[in-house]
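Peer 1: Handing you this structure, nothing more for now.
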Amino acid sequence: MALEFRKSLQKPFGALLLALSLGPSARAATVSRLYARGYTVLPAPQKVELGEHDFRFGQDWRLQLGPGVPRNDIAVENLNGELKSRHYITLTRPEGKPGPGAILRLAVLPNSIAIGDATDRDKSTLAEQAYKITLAKDAVTITANALTGLFYGVQTFIQLLKPQGGSLWLPEGEIVDWPDLELRIIYWDDAHHLEHLDDLKRALRQAAFFKLNGFAIKLEGHFQYKSAAPIVEPYALTPPELQELTDEALKYHVQLIPYLDGPAHDAFILKHPEYARLREYPESNYEFCATNPDTYNLLFGMFQDLLDANRGGKYFVLSTDEPYYIGLAKNPQCNEAERAQQLGSVGKLLAEFVNKTAGYLHDRGRIVIFWGEYPLVPGDVSSLPSYLVNGELYDPEFAPAFQARGIRQMVYTSTEGVEALFPEYYVLSPAKLLHPKQGGAGRVQEMFENNSRPALEAARSAQAPRPARSGADIMGVFVAGWGDAGLHPETFWLGYATGPAAGWHPISPGPNELMNCFYRLFYGPSAMAMGRVYQLMSEQAQFWEDSWETVPSAARPPIFGNSYGVFDPPRPEHDQSLSQLPSPSPEYLQPSHNWSLENARRLELAAKFLNENDELLDLLNANMEQVEFNRYNLEVFLSIARLYRQNLQMILDLGRMNDLMKSAAAAAGKPDASAAVGALDEALDLAESVRQRRNAALQDATTTWYKSWFPRVAEANGRRYLDKVDDVKDHYPVRTVDMSYLVYRELLYPLGDWAAQVVKVRNIYAQAHHLPSRERILDWKKIEN
């Protein structure tokens, strides 16, 4: 239930509550004033007044540091660094009396900027992030109440600079800006891979550029826990490295937020024999026993390890995500059912778990964010501690209960749920699917509608201003990029930048403007047709998944249960597959069935998508040559586009192999034995080509992704990875130790068995017609060429 709620595209309850909080006077501009003048800022500022003219900015300008601005502050450092790296400009600083030339002035003047209307009730925190920019041809001044606001003012100034005609341009006018909500968090999922430290720092800086101030990181076994050494994977951050990352985040006014699951989603711990005694069900590694004191001893130790390496942090995400079975177990190892009965409900048992675990963190100065959802019911909320922050708006019935308890809430959105290879920023038409499904909006459109437009419609119909003030105490936006399907996080940035825009400015411009602003700011002004690139990337990913059938898995252990309960007995998981190619008869080589006829629609669509893949590769390669920033992002996109292409070519080649089998039968019927054997050999050679192209695409993706990731290996640094799947949440990346999960379904497809059968029949037929035998075999599962 919870998975379907949080990781799906639709989030109606949170949208409605935020909608009502905006008030009846809210209006969204079709196009913002800045965008209409050719300027891009993300998120859109709250108040913009523009004059009639634009003016030049360049090397002849000088930088002046006013009151409250240390020379070594990150706003100053970042301003100089961005001007130099983006525009090759180095500003001089006037010493003593002012000299000739225009001035860019930075100043911190406490209480100088009054914030306007905002959803968040904590106006003092919002004021710390506020800034004002006055823009004139001889002077630009960025003023803030505090250094945080000054940093955000600098980000807006950098984003505003518009290259045109060999000069940089700015508009005359004034911008006064502040966030609508104090927290704008993105979730970075490193459960199944780990970036290099420098790449994580780069991601933090990128987040800060878009005024995000929370970076929740899920490491699982990719952190070197002192208290839980068995779970540490071959590559894992050391405590000093996590502290270094924390310090880098704080420098950029970002909170690095540790994220740890409990009581569920803990297979990364409970799969290890050392901790099997802590399982809720002895046969399942999914969930802790919430009544076992040793569960808390282990979690407290892990909490402390993270806290010790995250000094300076304010927050901690205690992920109470999807504890499906809490309060149900009654076995010799764990009797939760009796405790749940004593407390009155399974939700109250979850609340008891939260009180104990969150209490440890709260006592050590952390603000604890949790997921306040199923199996809680509104009546259970009073059993929760009031110091919590609920990371989602789960259901309108809950909001008054959380408000009454004093628990603040956040708006949840996601840039990625469980999509394969690339998020659904654009949704493929049902007419281009083999398995049509109900369409929806793309991720950015969905986040915008949930956080802004439906809100406006609901608000306009209300008679009283801010009718939901009594319904939810909202303080932030949480934007998730789930790693369940093993995507590269470079694919998430469009959503990471645009999704939280309503957290800064709820009356944002429309999603098209948000996306186009992102393309220009993220890639640079020379990027071309990036909307089409993202559309093709999204649609090709959807066909990549849709192009195969879903069948019960014979390769993986059965699943223990799902959100509806425990399975008795466990049920098969599902994998993707295609129907097997025909086998020839020994005497006349007649194929057992016509694969091409059975898969005619699949072949037709594959051919169409292969043409679009040509367009995608052309656009990616052209942009690789000319974009100013984030070329590695496009390298990742290219590697994914080649995975799409490999799948399309494989489907079309299966059709060709089927047709070659028919040709062999036709030749045998003439009879022309040499031609018949030649057709079979051509089909077998084509199967080998399919293997080689698959391996080349996998190697390309692996090489590209490993530029920012540590290798996914079974053993390194004196540590081993325990290869055991989560028996409830069997995520794609845990199906293989290495990167071959990207071609997992291809490896399961029995093309090697088909080839062995064809070789056997071929050699019998060849021997009968005095032709040479074939010795080569197809080693289909070999992933090295």
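Identifiers in the structure tokens: chain A, B, ... in order shown; residue index from 1 per chain; ligand index from 1 in order shown.
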So that I can check the surroundings of A:Tyr721, please list as a PyMOL selection string every protein, DNA and RNA residue that reaches within 7 Å of it, counting only C-alpha atoms and ignoring chain neighbours fewer than 6 positions away.
Peer 2: chain A and resi 233-234+714-715
Peer 1: May I have the residues from that selection written out with all heavy atoms, as a PDB file, in the first residue's frame?
Peer 2:
ATOM      1  N   GLU A 233      29.824  -3.074   3.002  1.00  0.00           N
ATOM      2  CA  GLU A 233      30.088  -3.634   1.679  1.00  0.00           C
ATOM      3  C   GLU A 233      31.519  -3.320   1.239  1.00  0.00           C
ATOM      4  O   GLU A 233      32.221  -2.517   1.869  1.00  0.00           O
ATOM      5  CB  GLU A 233      29.051  -3.109   0.694  1.00  0.00           C
ATOM      6  CG  GLU A 233      27.646  -3.566   1.087  1.00  0.00           C
ATOM      7  CD  GLU A 233      26.614  -3.373  -0.007  1.00  0.00           C
ATOM      8  OE1 GLU A 233      26.998  -3.088  -1.172  1.00  0.00           O
ATOM      9  OE2 GLU A 233      25.412  -3.514   0.293  1.00  0.00           O
ATOM     10  N   PRO A 234      31.970  -3.962   0.143  1.00  0.00           N
ATOM     11  CA  PRO A 234      33.372  -3.799  -0.270  1.00  0.00           C
ATOM     12  C   PRO A 234      33.812  -2.346  -0.418  1.00  0.00           C
ATOM     13  O   PRO A 234      34.931  -1.995  -0.054  1.00  0.00           O
ATOM     14  CB  PRO A 234      33.415  -4.551  -1.608  1.00  0.00           C
ATOM     15  CG  PRO A 234      32.397  -5.640  -1.435  1.00  0.00           C
ATOM     16  CD  PRO A 234      31.294  -5.017  -0.638  1.00  0.00           C
ATOM     17  N   ALA A 714      32.074  -8.378  -5.769  1.00  0.00           N
ATOM     18  CA  ALA A 714      31.811  -9.327  -4.687  1.00  0.00           C
ATOM     19  C   ALA A 714      32.761  -9.142  -3.517  1.00  0.00           C
ATOM     20  O   ALA A 714      32.399  -9.404  -2.363  1.00  0.00           O
ATOM     21  CB  ALA A 714      31.904 -10.758  -5.213  1.00  0.00           C
ATOM     22  N   GLU A 715      33.973  -8.644  -3.801  1.00  0.00           N
ATOM     23  CA  GLU A 715      34.961  -8.556  -2.725  1.00  0.00           C
ATOM     24  C   GLU A 715      35.956  -7.451  -3.032  1.00  0.00           C
ATOM     25  O   GLU A 715      36.431  -7.304  -4.165  1.00  0.00           O
ATOM     26  CB  GLU A 715      35.687  -9.898  -2.574  1.00  0.00           C
ATOM     27  CG  GLU A 715      36.624  -9.967  -1.396  1.00  0.00           C
ATOM     28  CD  GLU A 715      37.174 -11.354  -1.152  1.00  0.00           C
ATOM     29  OE1 GLU A 715      36.881 -12.250  -1.979  1.00  0.00           O
ATOM     30  OE2 GLU A 715      37.879 -11.550  -0.147  1.00  0.00           O
TER      31      GLU A 715
END
Peer 1: Compile the contact shell of A:Leu109 as a list in words: residues with an atom at most 9 Å away, counting only C-alpha atoms, same-chain residues fewer than 2 positions apart removed.
Peer 2: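 The contact residues come out as Pro67, Gly68, Ala107, Asn111, Ser112, Ile113, Thr143, Ala144, Asn145 and Ala146 of chain A.
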Peer 1: Name all residues at most 10 Å from stretch 115-128 of chain A (count only C-alpha atoms; drop same-chain ones fewer than 5 positions away) and give them as a PyMOL selection string.
Peer 2: chain A and resi 18+21-23+46-47+110+144-150+176-183+408+466+469+473-476+503-506
Peer 1: If we count only C-alpha atoms and set the cut-off at 8 Å, which residues sit around A:Met537, ignoring sequence neighbours fewer than 5 positions away in its own chain? Please answer as an NGL selection string.
Peer 2: :A and (422 or 616 or 637 or 641)
Peer 1: With N, CA, C and O atoms retained, could you export that selection as a tab-separated table (two decimals), in the first residue's frame?
Peer 2:
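That gives us again.tsv:
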chain	number	residue	atom	x	y	z
A	422	PHE	N	15.09	5.15	-17.06
A	422	PHE	CA	14.96	6.61	-17.13
A	422	PHE	C	13.59	7.00	-16.60
A	422	PHE	O	12.60	6.32	-16.86
A	616	LEU	N	17.68	10.13	-31.41
A	616	LEU	CA	18.17	10.38	-30.05
A	616	LEU	C	19.69	10.40	-30.00
A	616	LEU	O	20.31	11.31	-29.41
A	637	PHE	N	23.49	9.50	-20.46
A	637	PHE	CA	22.34	9.36	-21.35
A	637	PHE	C	22.70	8.54	-22.59
A	637	PHE	O	21.91	7.70	-23.04
A	641	ALA	N	20.94	5.21	-23.94
A	641	ALA	CA	20.37	5.14	-25.28
A	641	ALA	C	20.90	3.92	-26.03
A	641	ALA	O	20.18	3.32	-26.85
Peer 1: Give me, as a ChimeraX atom specification, the residues of stretch 144-338 of chain A that a backbone DSSP run labels strand (DSSP E).
Peer 2: /A:144,162-164,167-177,183-189,214-218,255-261,315-319,330-331,334-335
Peer 1: Residues near A:Phe288, anyone? I mean within 6 Å using only C-alpha atoms, not counting same-chain ones fewer than 6 positions away, as an MDAnalysis selection string.
Peer 2: chainID A and resid 263 278:280
Peer 1: Write the residues of the selection above to a file with N, CA and C atoms, as a tab-separated table (two decimals), in the first residue's frame.
Peer 2:
chain	number	residue	atom	x	y	z
A	263	PRO	N	11.19	-0.21	10.91
A	263	PRO	CA	11.61	-1.59	11.10
A	263	PRO	C	11.68	-2.42	9.83
A	278	LEU	N	17.20	-11.31	14.75
A	278	LEU	CA	16.43	-10.09	14.96
A	278	LEU	C	15.25	-9.98	13.99
A	279	ARG	N	15.05	-10.97	13.16
A	279	ARG	CA	13.98	-10.91	12.18
A	279	ARG	C	12.61	-11.05	12.85
A	280	GLU	N	11.65	-10.38	12.26
A	280	GLU	CA	10.27	-10.53	12.71
A	280	GLU	C	9.76	-11.94	12.41
Peer 1: Could you please determine the separation between atom CA of A:Leu79 and atom CA of A:Asp198 in Å, to one decimal place?
Peer 2: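 We find that atom CA of A:Leu79 and atom CA of A:Asp198 lie 20.5 Å from each other.
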Peer 1: Pick from A:Leu619, A:Ala404, A:Ala497, A:Leu654: nearest to A:Leu597, with only C-alpha atoms counted?
Peer 2: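 Closest to A:Leu597 of all the choices is A:Leu654.
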Peer 1: Quick one, how far is atom CA of A:Thr491 from atom CA of A:Arg642?
Peer 2: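 Answer for the atom CA of A:Thr491 to atom CA of A:Arg642 separation: 14.9 Å.
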Peer 1: Can you list every residue of stretch 169-250 of chain A that has an atom at most 12 Å from stretch 511-519 of chain A, with its nearest atom pair and the distance in Å to one decimal, using only C-alpha atoms, ordered by chain then number, as JSON lines?
Peer 2:
{"residue": "A:Gln206", "atom": "CA", "partner": "A:Phe518", "partner_atom": "CA", "distance": 11.8}
{"residue": "A:Phe209", "atom": "CA", "partner": "A:Phe518", "partner_atom": "CA", "distance": 11.2}
{"residue": "A:Phe210", "atom": "CA", "partner": "A:Phe518", "partner_atom": "CA", "distance": 9.3}
Peer 1: Have a look at A:Cys289, A:Leu343, A:Gln333, A:Val389 and name the one nearest to A:Ser319; count only C-alpha atoms.
Peer 2: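 The answer is A:Val389, which sits nearest to A:Ser319.
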Peer 1: Would you please work out which residue, of A:Lys707, A:Asp60, A:Leu680, A:Arg745, is nearest to A:Val758 when using only C-alpha atoms?
Peer 2: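 For A:Val758, the nearest of the candidates is A:Leu680.
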Peer 1: Between A:Tyr325, A:Trp595, A:Tyr706, A:Tyr281, which one has atoms that come closest to A:Glu635, using only C-alpha atoms?
Peer 2: A:Tyr706
Peer 1: Do a neighbour search on A:Leu751 at 9 Å with only C-alpha atoms, toss out local chain neighbours closer than 3 positions, and write the hits as a PyMOL selection string.
Peer 2: chain A and resi 580-581+687+746-748+754-756+778+780
Peer 1: Pick out the closest residue to A:Gly379 from this set: A:Val346, A:Leu434, A:Val108, A:Ala264. Count only C-alpha atoms.
Peer 2: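 Ranked by minimum distance to A:Gly379, first place goes to A:Val346.
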